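Visitor: Quick one, protein_18.cif (mmCIF, C-alpha atoms):
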```
data_structure
loop_
_atom_site.label_atom_id
_atom_site.label_comp_id
_atom_site.auth_asym_id
_atom_site.auth_seq_id
_atom_site.Cartn_x
_atom_site.Cartn_y
_atom_site.Cartn_z
CA MET X 219 -19.22 23.26 29.63
CA VAL X 220 -21.44 26.05 28.36
CA ASP X 221 -23.68 27.61 31.00
CA HIS X 222 -27.35 26.97 30.26
CA THR X 223 -30.63 27.79 31.89
CA LEU X 224 -33.39 25.19 31.63
CA LEU X 225 -35.07 27.11 28.80
CA ASP X 226 -31.78 27.43 26.91
CA ALA X 227 -31.22 23.70 27.21
CA ILE X 228 -34.75 22.90 26.01
CA GLY X 229 -34.41 25.36 23.13
CA HIS X 230 -31.02 23.91 22.17
CA ASN X 231 -32.48 20.41 22.23
CA LEU X 232 -35.57 21.25 20.19
CA THR X 233 -33.54 22.72 17.34
CA ALA X 234 -31.30 19.64 17.01
CA PRO X 235 -31.99 17.46 13.94
CA MET X 236 -33.01 14.29 15.88
CA PRO X 237 -36.06 15.73 17.70
CA LEU X 238 -36.98 17.59 14.51
CA PHE X 239 -36.95 14.38 12.45
CA PHE X 240 -39.11 12.83 15.17
CA ALA X 241 -41.54 15.77 14.87
CA LEU X 242 -41.53 15.33 11.08
CA GLY X 243 -42.59 11.70 11.55
CA ILE X 244 -45.47 12.70 13.82
CA LEU X 245 -46.53 15.47 11.44
CA ALA X 246 -46.44 13.07 8.48
CA THR X 247 -48.78 10.70 10.33
CA LEU X 248 -51.15 13.47 11.37
CA ILE X 249 -51.53 14.79 7.80
CA ARG X 250 -51.75 11.20 6.47
CA SER X 251 -48.66 11.51 4.32
CA GLU X 252 -47.42 8.45 2.43
CA LEU X 253 -44.00 8.84 4.04
CA LYS X 254 -42.79 5.43 5.19
CA VAL X 255 -39.56 3.84 6.37
CA PRO X 256 -39.36 0.31 4.92
CA ASP X 257 -39.50 -2.46 7.58
CA ALA X 258 -36.18 -3.96 6.54
CA LEU X 259 -34.48 -0.56 6.81
CA TYR X 260 -35.99 -0.05 10.27
CA ILE X 261 -34.52 -3.36 11.44
CA GLY X 262 -31.21 -2.44 9.79
CA LEU X 263 -31.14 0.93 11.55
CA THR X 264 -31.91 -0.75 14.90
CA LEU X 265 -29.03 -3.17 14.39
CA TYR X 266 -26.69 -0.36 13.44
CA LEU X 267 -27.56 1.89 16.40
CA LEU X 268 -27.39 -0.85 19.03
CA ALA X 269 -24.17 -2.28 17.59
CA ALA X 270 -22.58 1.18 17.68
CA ILE X 271 -23.80 1.85 21.24
CA GLY X 272 -22.67 -1.59 22.45
CA LEU X 273 -19.22 -1.46 20.84
CA HIS X 274 -18.50 1.92 22.37
CA GLY X 275 -19.75 0.85 25.82
CA GLY X 276 -17.80 -2.42 25.79
CA ALA X 277 -14.55 -0.68 24.81
CA GLU X 278 -15.02 1.90 27.58
CA ILE X 279 -15.56 -0.82 30.21
CA ARG X 280 -12.30 -2.39 29.05
CA GLU X 281 -10.62 1.01 29.46
CA VAL X 282 -11.82 1.72 33.02
CA GLY X 283 -12.17 -1.88 34.26
CA ILE X 284 -15.30 -3.53 35.68
CA ILE X 285 -14.09 -3.12 39.32
CA ALA X 286 -14.04 0.67 38.95
CA ILE X 287 -17.71 0.85 38.05
CA TRP X 288 -19.30 -1.40 40.67
CA MET X 289 -21.03 1.48 42.44
CA PRO X 290 -22.81 2.79 39.34
CA ILE X 291 -23.78 -0.83 38.57
CA VAL X 292 -25.38 -1.18 42.02
CA ALA X 293 -27.16 2.16 41.48
CA CYS X 294 -28.40 0.85 38.15
CA PHE X 295 -29.85 -2.33 39.71
CA MET X 296 -31.48 -0.23 42.42
CA LEU X 297 -33.15 1.96 39.81
CA GLY X 298 -34.24 -1.04 37.77
CA SER X 299 -35.96 -2.55 40.82
CA LEU X 300 -37.24 0.55 42.62
CA ILE X 301 -38.90 2.23 39.63
CA PRO X 302 -41.28 -0.63 38.76
CA VAL X 303 -42.20 -1.12 42.44
CA ALA X 304 -43.00 2.59 42.89
CA GLY X 305 -44.82 2.69 39.54
CA TYR X 306 -46.87 -0.36 40.45
CA PHE X 307 -48.15 1.09 43.72
CA ILE X 308 -48.96 4.44 42.12
CA LEU X 309 -50.90 2.79 39.28
CA ARG X 310 -52.61 0.18 41.42
CA TYR X 311 -53.69 2.27 44.40
CA MET X 312 -53.93 5.80 43.01
CA GLY X 313 -54.84 4.98 39.42
CA LYS X 314 -57.01 1.94 40.33
CA PHE X 315 -55.53 -0.14 37.52
CA SER X 316 -55.86 -3.93 37.62
CA ILE X 317 -52.91 -5.95 38.95
CA HIS X 318 -51.94 -7.03 35.43
CA ASP X 319 -52.17 -3.57 33.92
CA ALA X 320 -50.35 -1.87 36.82
CA ALA X 321 -47.52 -4.43 36.78
CA ALA X 322 -47.16 -4.40 32.98
CA ILE X 323 -47.02 -0.60 32.76
CA ALA X 324 -44.66 -0.38 35.76
CA GLY X 325 -42.35 -2.95 34.13
CA HIS X 326 -42.11 -0.76 31.03
CA TYR X 327 -40.96 2.18 33.14
CA GLY X 328 -38.39 0.01 34.95
CA SER X 329 -37.03 -1.04 31.58
CA VAL X 330 -35.24 1.38 29.29
CA SER X 331 -35.32 2.96 25.82
CA ALA X 332 -32.00 2.74 23.97
CA VAL X 333 -33.12 5.36 21.44
CA THR X 334 -33.78 7.94 24.16
CA PHE X 335 -30.30 7.10 25.43
CA ALA X 336 -28.80 7.64 21.96
CA VAL X 337 -30.57 10.98 21.50
CA ALA X 338 -29.35 12.10 24.94
CA THR X 339 -25.73 11.27 24.08
CA GLN X 340 -26.03 13.47 20.98
CA PHE X 341 -27.61 16.27 23.02
CA LEU X 342 -24.71 16.18 25.48
CA SER X 343 -22.10 15.94 22.74
CA SER X 344 -23.57 19.04 21.05
CA LEU X 345 -22.95 20.87 24.36
CA GLN X 346 -19.41 19.41 24.59
CA VAL X 347 -20.41 17.44 27.71
CA LYS X 348 -18.82 14.01 27.90
CA PRO X 349 -20.57 11.33 29.97
CA GLU X 350 -18.84 8.12 31.07
CA GLY X 351 -18.81 5.98 27.94
CA TYR X 352 -19.42 2.69 29.77
CA LEU X 353 -22.95 3.76 30.73
CA SER X 354 -24.39 2.19 27.59
CA ALA X 355 -23.69 -1.19 29.20
CA PHE X 356 -26.34 -0.25 31.76
CA LEU X 357 -28.96 -0.44 29.02
CA ALA X 358 -28.34 -4.17 28.98
CA ILE X 359 -28.84 -4.31 32.77
CA LEU X 360 -31.92 -2.13 32.99
CA GLU X 361 -33.80 -3.61 30.06
CA PRO X 362 -34.42 -7.10 31.49
CA THR X 363 -34.41 -6.00 35.17
CA GLY X 364 -37.44 -3.75 34.81
CA VAL X 365 -39.40 -6.38 32.90
CA VAL X 366 -38.61 -9.19 35.35
CA VAL X 367 -39.46 -7.02 38.39
CA GLY X 368 -42.74 -5.99 36.74
CA ILE X 369 -43.75 -9.60 36.16
CA LEU X 370 -42.64 -10.61 39.67
CA LEU X 371 -44.84 -7.86 41.11
CA ALA X 372 -47.84 -9.23 39.24
CA ARG X 373 -47.17 -12.75 40.47
CA ILE X 374 -46.72 -11.69 44.09
CA ALA X 375 -49.83 -9.46 44.00
CA LEU X 376 -51.92 -12.23 42.45
CA GLN X 377 -50.67 -14.71 45.04
CA VAL X 378 -51.62 -12.30 47.84
CA GLU X 379 -55.02 -11.83 46.22
CA VAL X 380 -55.57 -15.59 46.13
CA GLN X 381 -54.63 -15.96 49.79
CA ARG X 382 -56.85 -13.06 50.81
CA HIS X 383 -59.93 -13.88 48.80
CA GLY X 384 -59.42 -17.50 47.82
CA ALA X 385 -59.71 -16.65 44.14
CA SER X 386 -61.39 -19.25 42.01
CA ASP X 387 -58.96 -19.16 39.10
CA SER X 388 -55.56 -19.93 40.50
CA SER X 389 -54.10 -20.91 37.14
CA LYS X 390 -53.02 -17.34 36.46
CA THR X 391 -50.91 -17.17 39.59
CA THR X 392 -49.29 -20.52 39.08
CA ARG X 393 -48.37 -20.34 35.41
CA ALA X 394 -45.27 -22.46 35.67
CA GLY X 395 -41.95 -21.79 34.01
CA TRP X 396 -42.68 -18.13 33.28
CA ILE X 397 -39.12 -16.94 33.83
CA ARG X 398 -37.59 -18.93 30.97
CA PRO X 399 -39.57 -17.43 28.07
CA VAL X 400 -39.31 -13.95 29.59
CA LEU X 401 -35.56 -14.09 30.00
CA HIS X 402 -35.25 -15.72 26.60
CA GLU X 403 -37.27 -12.91 25.02
CA ALA X 404 -35.47 -10.20 27.00
CA LEU X 405 -31.97 -11.49 26.31
CA THR X 406 -32.17 -13.01 22.86
CA GLY X 407 -34.55 -10.64 21.06
CA THR X 408 -32.93 -8.81 18.13
CA GLY X 409 -32.19 -5.67 20.14
CA SER X 410 -30.83 -7.31 23.29
CA MET X 411 -28.76 -9.85 21.37
CA ILE X 412 -26.99 -7.27 19.22
CA LEU X 413 -26.47 -4.91 22.18
CA LEU X 414 -25.04 -7.63 24.45
CA GLY X 415 -22.99 -9.09 21.60
CA ALA X 416 -21.54 -5.71 20.63
CA LEU X 417 -20.72 -4.96 24.29
CA VAL X 418 -18.72 -8.17 24.52
CA ILE X 419 -17.04 -7.53 21.16
CA GLY X 420 -16.21 -3.96 22.23
CA TYR X 421 -14.78 -5.26 25.51
CA ILE X 422 -12.64 -7.89 23.79
CA SER X 423 -11.40 -5.55 21.05
CA GLY X 424 -10.83 -2.56 23.35
CA PRO X 425 -10.64 1.11 22.30
CA GLU X 426 -7.79 0.52 19.80
CA GLY X 427 -9.52 -2.47 18.32
CA ILE X 428 -12.82 -0.74 17.64
CA ALA X 429 -11.05 2.33 16.21
CA VAL X 430 -11.15 0.63 12.78
CA THR X 431 -14.96 0.72 12.84
CA LYS X 432 -15.14 4.46 13.55
CA PRO X 433 -15.86 5.66 10.00
CA PHE X 434 -18.95 3.44 9.97
CA PHE X 435 -20.13 3.22 13.58
CA GLY X 436 -18.88 6.63 14.70
CA ASP X 437 -19.13 9.21 11.94
CA LEU X 438 -22.43 8.02 10.46
CA PHE X 439 -24.16 7.60 13.82
CA LYS X 440 -25.92 10.98 13.93
CA GLY X 441 -27.32 10.66 10.41
CA VAL X 442 -28.61 7.15 11.02
CA LEU X 443 -30.16 8.28 14.29
CA CYS X 444 -32.06 11.01 12.37
CA LEU X 445 -33.62 8.41 10.05
CA PHE X 446 -34.45 6.21 13.02
CA MET X 447 -36.13 9.12 14.80
CA LEU X 448 -38.21 9.74 11.68
CA GLU X 449 -39.50 6.17 11.89
CA MET X 450 -40.12 6.53 15.64
CA GLY X 451 -42.11 9.68 14.92
CA LEU X 452 -44.24 7.75 12.42
CA VAL X 453 -44.82 4.92 14.91
CA ALA X 454 -45.51 7.27 17.85
CA GLY X 455 -47.80 9.37 15.66
CA ARG X 456 -49.99 6.33 14.99
CA ARG X 457 -50.30 5.90 18.79
CA LEU X 458 -51.38 9.49 19.42
CA ALA X 459 -54.96 8.75 18.45
CA GLU X 460 -55.16 6.31 21.38
CA VAL X 461 -53.89 8.81 23.96
CA ARG X 462 -57.35 10.16 24.71
CA ALA X 463 -58.67 6.64 25.22
CA VAL X 464 -56.22 5.67 28.00
CA GLY X 465 -57.58 8.23 30.49
CA ALA X 466 -56.26 11.29 32.27
CA PHE X 467 -54.51 9.38 35.05
CA LEU X 468 -52.25 7.44 32.70
CA ILE X 469 -51.43 10.59 30.72
CA ILE X 470 -50.37 12.39 33.90
CA PHE X 471 -48.47 9.29 35.04
CA ALA X 472 -46.62 9.04 31.70
CA ILE X 473 -45.35 12.62 32.12
CA CYS X 474 -44.77 12.76 35.90
CA MET X 475 -43.21 9.30 36.28
CA PRO X 476 -40.25 10.08 33.98
CA ILE X 477 -39.63 13.34 35.85
CA ILE X 478 -39.58 11.52 39.22
CA ASP X 479 -37.49 8.63 37.86
CA GLY X 480 -35.15 10.99 36.01
CA THR X 481 -34.58 13.05 39.15
CA LEU X 482 -33.88 9.87 41.12
CA GLY X 483 -31.46 8.68 38.42
CA VAL X 484 -29.62 12.02 38.33
CA LEU X 485 -29.29 12.17 42.13
CA LEU X 486 -28.19 8.55 42.43
CA GLY X 487 -25.75 9.01 39.54
CA GLY X 488 -24.17 12.02 41.21
CA LEU X 489 -24.00 10.26 44.57
CA VAL X 490 -22.10 7.26 43.15
CA GLY X 491 -19.57 9.61 41.60
CA LEU X 492 -20.69 10.02 37.99
CA SER X 493 -19.89 13.27 36.17
CA VAL X 494 -22.64 15.77 35.27
CA GLY X 495 -22.92 14.07 31.87
CA GLY X 496 -22.98 10.63 33.49
CA ALA X 497 -25.63 11.62 36.03
CA THR X 498 -27.69 13.07 33.18
CA MET X 499 -27.44 9.79 31.28
CA LEU X 500 -28.43 7.72 34.34
CA GLY X 501 -31.36 10.10 34.76
CA VAL X 502 -32.33 9.61 31.10
CA MET X 503 -32.14 5.83 31.45
CA ALA X 504 -34.22 5.89 34.64
CA ALA X 505 -36.78 8.20 33.04
CA SER X 506 -37.16 6.35 29.76
CA ALA X 507 -39.67 3.55 29.25
CA SER X 508 -39.20 0.56 26.99
CA TYR X 509 -41.43 0.14 23.96
CA ILE X 510 -39.69 -2.64 22.03
CA ALA X 511 -38.43 -5.41 24.34
CA ALA X 512 -40.84 -4.90 27.24
CA PRO X 513 -44.12 -5.01 25.26
CA ALA X 514 -43.13 -8.32 23.65
CA ALA X 515 -42.09 -9.83 27.00
CA MET X 516 -45.24 -8.54 28.74
CA ARG X 517 -47.43 -9.90 25.97
CA ILE X 518 -46.00 -13.35 26.65
CA SER X 519 -46.08 -13.24 30.46
CA LEU X 520 -48.98 -10.92 31.30
CA PRO X 521 -51.37 -11.37 28.37
CA GLU X 522 -54.26 -10.19 30.57
CA ALA X 523 -52.75 -6.68 30.61
CA ASN X 524 -54.08 -4.30 27.97
CA PRO X 525 -51.25 -3.49 25.49
CA SER X 526 -52.96 -0.25 24.59
CA PHE X 527 -52.18 1.12 28.07
CA TYR X 528 -48.48 0.35 28.18
CA LEU X 529 -47.71 1.09 24.53
CA THR X 530 -49.57 4.38 24.48
CA ALA X 531 -48.01 5.49 27.77
CA SER X 532 -44.42 4.55 26.92
CA LEU X 533 -44.35 5.25 23.18
CA GLY X 534 -47.12 7.79 22.69
CA ILE X 535 -46.44 10.01 25.72
CA THR X 536 -43.22 9.31 27.68
CA PHE X 537 -40.94 8.87 24.67
CA PRO X 538 -41.91 12.19 22.99
CA PHE X 539 -41.84 13.93 26.38
CA ASN X 540 -38.29 12.75 27.09
CA ILE X 541 -37.09 13.59 23.57
CA ALA X 542 -38.52 17.12 23.71
CA MET X 543 -38.29 18.18 27.37
CA GLY X 544 -36.97 15.37 29.58
CA ILE X 545 -33.39 15.15 28.30
CA PRO X 546 -32.61 18.87 28.75
CA LEU X 547 -34.44 18.82 32.09
CA TYR X 548 -32.30 15.99 33.51
CA PHE X 549 -29.16 17.70 32.21
CA TRP X 550 -30.17 20.99 33.80
CA LEU X 551 -30.92 19.22 37.07
CA ALA X 552 -27.57 17.35 37.04
CA LYS X 553 -25.74 20.62 36.40
CA LEU X 554 -27.71 22.41 39.11
CA VAL X 555 -26.97 19.80 41.78
CA PHE X 556 -23.54 18.49 40.80
CA GLY X 557 -22.31 21.15 38.37
CA SER X 558 -19.85 22.93 40.62
CA MET M 119 -50.80 -38.24 -10.25
CA ARG M 120 -52.29 -39.42 -6.97
CA MET M 121 -54.22 -37.07 -4.64
CA GLU M 122 -55.01 -37.72 -1.02
CA LYS M 123 -57.44 -36.07 1.40
CA ALA M 124 -56.04 -33.92 4.21
CA VAL M 125 -56.89 -30.84 6.26
CA LEU M 126 -55.43 -27.39 5.57
CA LEU M 127 -55.24 -25.69 8.95
CA THR M 128 -54.69 -21.92 9.06
CA ILE M 129 -53.77 -20.18 12.31
CA ILE M 130 -53.35 -16.41 12.46
CA THR M 131 -51.93 -15.08 15.73
CA GLU M 132 -49.50 -12.76 17.50
CA ARG M 133 -45.80 -12.82 16.57
CA VAL M 134 -44.75 -13.28 20.21
CA MET M 135 -46.61 -16.59 20.22
CA GLU M 136 -44.56 -18.04 17.35
CA PRO M 137 -42.26 -20.24 19.50
CA THR M 138 -45.21 -21.43 21.63
CA LEU M 139 -47.33 -22.28 18.60
CA LYS M 140 -44.48 -24.10 16.86
CA GLU M 141 -43.96 -26.22 19.97
CA LEU M 142 -47.69 -26.86 20.26
CA VAL M 143 -48.14 -28.11 16.67
CA GLU M 144 -45.02 -30.22 16.79
CA ARG M 145 -46.20 -31.85 20.02
CA ALA M 146 -49.57 -32.51 18.41
CA GLY M 147 -47.87 -34.44 15.62
CA ALA M 148 -47.62 -31.98 12.72
CA GLN M 149 -44.69 -32.82 10.50
CA GLY M 150 -44.33 -29.42 8.91
CA TYR M 151 -45.71 -25.94 8.56
CA THR M 152 -45.31 -22.75 6.55
CA ILE M 153 -45.13 -19.36 8.23
CA GLU M 154 -46.19 -16.14 6.52
CA ASP M 155 -45.84 -12.58 7.80
CA VAL M 156 -49.07 -10.62 8.07
CA ALA M 157 -48.74 -6.89 7.34
CA SER M 158 -51.40 -5.66 9.77
CA GLY M 159 -54.84 -6.46 11.06
CA TRP M 160 -57.81 -5.35 13.07
CA GLY M 161 -60.20 -7.26 15.30
CA THR M 162 -61.45 -7.76 18.85
CA HIS M 163 -57.89 -7.27 20.12
CA GLY M 164 -57.76 -3.81 18.53
CA ASN M 165 -55.60 -2.47 15.75
CA ARG M 166 -52.51 -4.60 15.23
CA THR M 167 -50.38 -2.23 13.18
CA GLY M 168 -47.30 -4.42 12.84
CA ASP M 169 -44.96 -1.58 13.87
CA LEU M 170 -43.47 -3.31 16.90
CA GLU M 171 -42.81 -6.96 17.67
CA SER M 172 -45.62 -6.99 20.24
CA ASP M 173 -47.96 -5.67 17.57
CA GLN M 174 -47.03 -8.02 14.74
CA THR M 175 -49.09 -10.89 13.39
CA PHE M 176 -48.17 -14.04 11.50
CA LYS M 177 -49.99 -16.85 9.77
CA MET M 178 -49.18 -20.55 10.07
CA LEU M 179 -50.37 -22.99 7.41
CA LEU M 180 -50.34 -26.73 8.02
CA ILE M 181 -51.41 -29.76 6.04
CA VAL M 182 -52.35 -32.39 8.58
CA SER M 183 -54.63 -35.33 9.15
CA LYS M 184 -58.10 -34.74 10.61
CA THR M 185 -57.00 -36.16 13.97
CA VAL M 186 -53.94 -33.94 14.24
CA ALA M 187 -56.01 -30.90 13.18
CA GLN M 188 -58.53 -31.59 15.95
CA LEU M 189 -55.76 -31.99 18.50
CA ILE M 190 -54.11 -28.71 17.47
CA LEU M 191 -57.41 -26.79 17.49
CA HIS M 192 -58.26 -28.19 20.89
CA GLU M 193 -54.89 -27.12 22.33
CA VAL M 194 -55.12 -23.68 20.69
CA GLU M 195 -58.56 -23.19 22.19
CA ARG M 196 -57.39 -24.32 25.62
CA THR M 197 -54.08 -22.51 25.93
CA LEU M 198 -53.95 -19.53 23.56
CA GLN M 199 -57.44 -18.36 22.71
CA PRO M 200 -58.39 -16.97 26.12
CA GLU M 201 -55.63 -14.32 26.14
CA TYR M 202 -54.22 -13.80 22.65
CA ALA M 203 -55.43 -12.49 19.33
CA ILE M 204 -55.90 -15.75 17.45
CA THR M 205 -57.98 -16.99 14.53
CA ALA M 206 -57.93 -20.62 13.43
CA PHE M 207 -59.89 -22.30 10.67
CA GLN M 208 -59.67 -25.44 8.56
CA HIS M 209 -60.46 -26.59 5.03
CA GLU M 210 -60.69 -30.06 3.65
CA VAL M 211 -58.22 -30.23 0.78
CA GLU M 212 -56.70 -32.68 -1.67
CA VAL M 213 -52.94 -32.81 -1.60
CA LEU M 214 -50.62 -34.17 -4.20
CA SER M 215 -49.44 -37.37 -2.65
CA ARG M 216 -45.75 -37.80 -2.04
CA ALA M 217 -43.98 -41.13 -1.92
CA ARG M 218 -42.56 -40.52 1.57
CA THR M 219 -45.89 -39.39 3.09
CA SER M 220 -46.37 -41.52 6.18
CA SER M 221 -48.67 -40.21 8.93
CA GLY M 222 -50.78 -37.95 6.70
CA SER M 223 -48.97 -34.72 7.60
CA GLU M 224 -46.65 -32.84 5.30
CA THR M 225 -45.04 -29.46 4.76
CA LEU M 226 -46.94 -27.19 2.40
#
```
I'd like the structure from this file rewritten - as structure tokens, please.
Guide:
Amino acid sequence: MVDHTLLDAIGHNLTAPMPLFFALGILATLIRSELKVPDALYIGLTLYLLAAIGLHGGAEIREVGIIAIWMPIVACFMLGSLIPVAGYFILRYMGKFSIHDAAAIAGHYGSVSAVTFAVATQFLSSLQVKPEGYLSAFLAILEPTGVVVGILLARIALQVEVQRHGASDSSKTTRAGWIRPVLHEALTGTGSMILLGALVIGYISGPEGIAVTKPFFGDLFKGVLCLFMLEMGLVAGRRLAEVRAVGAFLIIFAICMPIIDGTLGVLLGGLVGLSVGGATMLGVMAASASYIAAPAAMRISLPEANPSFYLTASLGITFPFNIAMGIPLYFWLAKLVFGS
Amino acid sequence: MRMEKAVLLTIITERVMEPTLKELVERAGAQGYTIEDVASGWGTHGNRTGDLESDQTFKMLLIVSKTVAQLILHEVERTLQPEYAITAFQHEVEVLSRARTSSGSETL
């Protein structure tokens, strides 16, 4: 492992092609370029990336065995539940957000961004740091957990509100059967379905079995990720205009929350025995916020929440922050604490 | 050629509501619908760019009887309109009659 200061790590990260393609996307939006990634290609790239991540993760679980990773799995569930709860209280009582808005935003931060995960794996691989390969399976755990906890928080808070004030409109607290559509959305949406499916396929096939897919899912991964980051830059760039409208508190939250969550993830990862690379990846997962699965699920279950808040925070601020600064920061922290 | 009177109902709403809306119109008695993707839109629910699933919009077209149209519009107003970006409107139209038309509701 090469020795890096925090500034070295950030500099190394910022000169890698993935963040630069992301910056190109943002620049293209800002100067109103006609640059566009076709919708069908975007969906194709998503399928490719998640299939590759899932296959690799599934094969690694087969290699090490599920029993061997129970502690990191527990850590993962803890993160998925703790982060939205902490986020909710910060947003509700310090930021004075409504119950719906606080819970919806907090749920996004409990959930996870697979693209941030993919960029972090490439950052570590460029430094010859190898994290535990099975960690990609945790994406499938964190994604629905954060969303479900976020929605549960809203329901509990609304129930408490009704009991305390005898609210007139109780329909919002008693919307029946909410869990089914949420779980359906979280588990069967394009992204979740392909990720879960590829994990199972990777597990069944094992490392030797998936070796045949390496020329496609392995060697081309970095190039595909560059194109995907370009599209993410275009999408995030279109959100930047809304950043000023969401208020200073949410902007500060969207930068500080990933640092707190990332630190928690790194520390927890190290404590349950993950390597420096593994602790970095758990930090990245804890720090990242969902912007694909969670917004759709929140739109269904908490329609009263303003999508502008959670999309701008997760996609317009936290995602670029993690891509540029967060990933090297969590790596530096993991190395500082657990490096020896 | 025989034409018969019917109502063309157009509902434009959020992509995440597609399963809910399909269930709603089927329950109301519609016997078919056509779904179209909408590229993007702007309205009281802000700018719906179509970049992400939560931001996408679709359009449902139905040919139904007046009674079914009223039932659907009533349910849309009651369950979806308060929270979601939704626009619904109807036209009276003449539809080419089909031999197997039974309850006045057909796929476009």
Visitor: Decode the PyMOL selection byres ((chain M) within 10 of (chain X)) for the given file into explicit residues and return them as a list in words.
Guide: Glu132, Arg133, Val134, Met135, Pro137, Thr138, His163, Gly164, Asn165, Thr167, Gly168, Asp169, Leu170, Glu171, Ser172, Asp173, Gln174, Leu198, Pro200, Glu201, Tyr202 and Ala203 of chain M
Visitor: Which residues, written as a list in words, have at least one atom at most 9 Å from Val143 (chain M), with all atoms listed in the file counted and residues fewer than 5 positions away on the same chain left out?
Guide: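 With the cut-off at 9 Å, the set is Thr138, Ala148, Gln149, Gly150, Tyr151, Val186, Leu189, Ile190 and Glu193 of chain M.
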Visitor: Which one is closest to Leu180 (chain M): M:Thr131, M:Thr205, M:Thr152, M:Gln199? Count only C-alpha atoms.
Guide: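 Closest candidate: M:Thr152.
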Visitor: Could you tell me which of M:Arg216, M:Arg120, M:Lys140, M:His209 comes closest to Lys184 (chain M) if we count only C-alpha atoms?
Guide: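 Among the listed residues, the smallest separation from Lys184 (chain M) belongs to M:His209.
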Visitor: Excluding Ser423 (chain X) and residues on its chain fewer than 3 positions from it, collect all residues at most 12 Å away from it, counting all atoms listed in the file, and give them as a PyMOL selection string.
Guide: chain X and resi 273-281+416-420+426-431
Visitor: Given the file shown, determine the residues that the PyMOL selection byres ((chain X and resi 446) around 10) selects; report them as a PDB file with C-alpha atoms, keeping the file's coordinate frame.
Guide:
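Output below, filename selection35.pdb:
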```pdb
ATOM      1  CA  MET X 236     -33.010  14.290  15.880  1.00  0.00           C
ATOM      2  CA  PHE X 239     -36.950  14.380  12.450  1.00  0.00           C
ATOM      3  CA  PHE X 240     -39.110  12.830  15.170  1.00  0.00           C
ATOM      4  CA  GLY X 243     -42.590  11.700  11.550  1.00  0.00           C
ATOM      5  CA  VAL X 255     -39.560   3.840   6.370  1.00  0.00           C
ATOM      6  CA  LEU X 259     -34.480  -0.560   6.810  1.00  0.00           C
ATOM      7  CA  TYR X 260     -35.990  -0.050  10.270  1.00  0.00           C
ATOM      8  CA  ILE X 261     -34.520  -3.360  11.440  1.00  0.00           C
ATOM      9  CA  GLY X 262     -31.210  -2.440   9.790  1.00  0.00           C
ATOM     10  CA  LEU X 263     -31.140   0.930  11.550  1.00  0.00           C
ATOM     11  CA  THR X 264     -31.910  -0.750  14.900  1.00  0.00           C
ATOM     12  CA  LEU X 267     -27.560   1.890  16.400  1.00  0.00           C
ATOM     13  CA  VAL X 333     -33.120   5.360  21.440  1.00  0.00           C
ATOM     14  CA  LYS X 440     -25.920  10.980  13.930  1.00  0.00           C
ATOM     15  CA  GLY X 441     -27.320  10.660  10.410  1.00  0.00           C
ATOM     16  CA  VAL X 442     -28.610   7.150  11.020  1.00  0.00           C
ATOM     17  CA  LEU X 443     -30.160   8.280  14.290  1.00  0.00           C
ATOM     18  CA  CYS X 444     -32.060  11.010  12.370  1.00  0.00           C
ATOM     19  CA  LEU X 445     -33.620   8.410  10.050  1.00  0.00           C
ATOM     20  CA  MET X 447     -36.130   9.120  14.800  1.00  0.00           C
ATOM     21  CA  LEU X 448     -38.210   9.740  11.680  1.00  0.00           C
ATOM     22  CA  GLU X 449     -39.500   6.170  11.890  1.00  0.00           C
ATOM     23  CA  MET X 450     -40.120   6.530  15.640  1.00  0.00           C
ATOM     24  CA  GLY X 451     -42.110   9.680  14.920  1.00  0.00           C
ATOM     25  CA  LEU X 452     -44.240   7.750  12.420  1.00  0.00           C
TER      26      LEU X 452
END
```
Visitor: Which residue is closest to Leu248 (chain X)? Choose from X:Val494, X:Leu468, X:Ala459, X:Leu345 and count all atoms listed in the file.
Guide: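 Looking only at the distances to Leu248 (chain X), the closest residue turns out to be X:Ala459.
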Visitor: Determine, counting only C-alpha atoms, which protein, DNA and RNA residues have an atom within 9 Å of an atom of region 290-298 of chain X; residues of the same chain fewer than 2 positions away are not included. Present the result as an mmCIF file with C-alpha atoms, keeping the file's coordinate frame.
Guide:
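See selection.cif below for the written result:
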```cif
data_model
loop_
_atom_site.group_PDB
_atom_site.id
_atom_site.type_symbol
_atom_site.label_atom_id
_atom_site.label_comp_id
_atom_site.auth_asym_id
_atom_site.auth_seq_id
_atom_site.Cartn_x
_atom_site.Cartn_y
_atom_site.Cartn_z
ATOM 1 C CA ILE X 287 -17.710 0.850 38.050
ATOM 2 C CA TRP X 288 -19.300 -1.400 40.670
ATOM 3 C CA LEU X 300 -37.240 0.550 42.620
ATOM 4 C CA ILE X 301 -38.900 2.230 39.630
ATOM 5 C CA PRO X 302 -41.280 -0.630 38.760
ATOM 6 C CA TYR X 327 -40.960 2.180 33.140
ATOM 7 C CA GLY X 328 -38.390 0.010 34.950
ATOM 8 C CA SER X 329 -37.030 -1.040 31.580
ATOM 9 C CA VAL X 330 -35.240 1.380 29.290
ATOM 10 C CA LEU X 353 -22.950 3.760 30.730
ATOM 11 C CA PHE X 356 -26.340 -0.250 31.760
ATOM 12 C CA ILE X 359 -28.840 -4.310 32.770
ATOM 13 C CA LEU X 360 -31.920 -2.130 32.990
ATOM 14 C CA GLU X 361 -33.800 -3.610 30.060
ATOM 15 C CA PRO X 362 -34.420 -7.100 31.490
ATOM 16 C CA THR X 363 -34.410 -6.000 35.170
ATOM 17 C CA GLY X 364 -37.440 -3.750 34.810
ATOM 18 C CA VAL X 365 -39.400 -6.380 32.900
ATOM 19 C CA VAL X 367 -39.460 -7.020 38.390
ATOM 20 C CA ASP X 479 -37.490 8.630 37.860
ATOM 21 C CA LEU X 482 -33.880 9.870 41.120
ATOM 22 C CA GLY X 483 -31.460 8.680 38.420
ATOM 23 C CA LEU X 486 -28.190 8.550 42.430
ATOM 24 C CA GLY X 487 -25.750 9.010 39.540
ATOM 25 C CA VAL X 490 -22.100 7.260 43.150
ATOM 26 C CA GLY X 491 -19.570 9.610 41.600
ATOM 27 C CA LEU X 492 -20.690 10.020 37.990
ATOM 28 C CA LEU X 500 -28.430 7.720 34.340
ATOM 29 C CA ALA X 504 -34.220 5.890 34.640
#
```
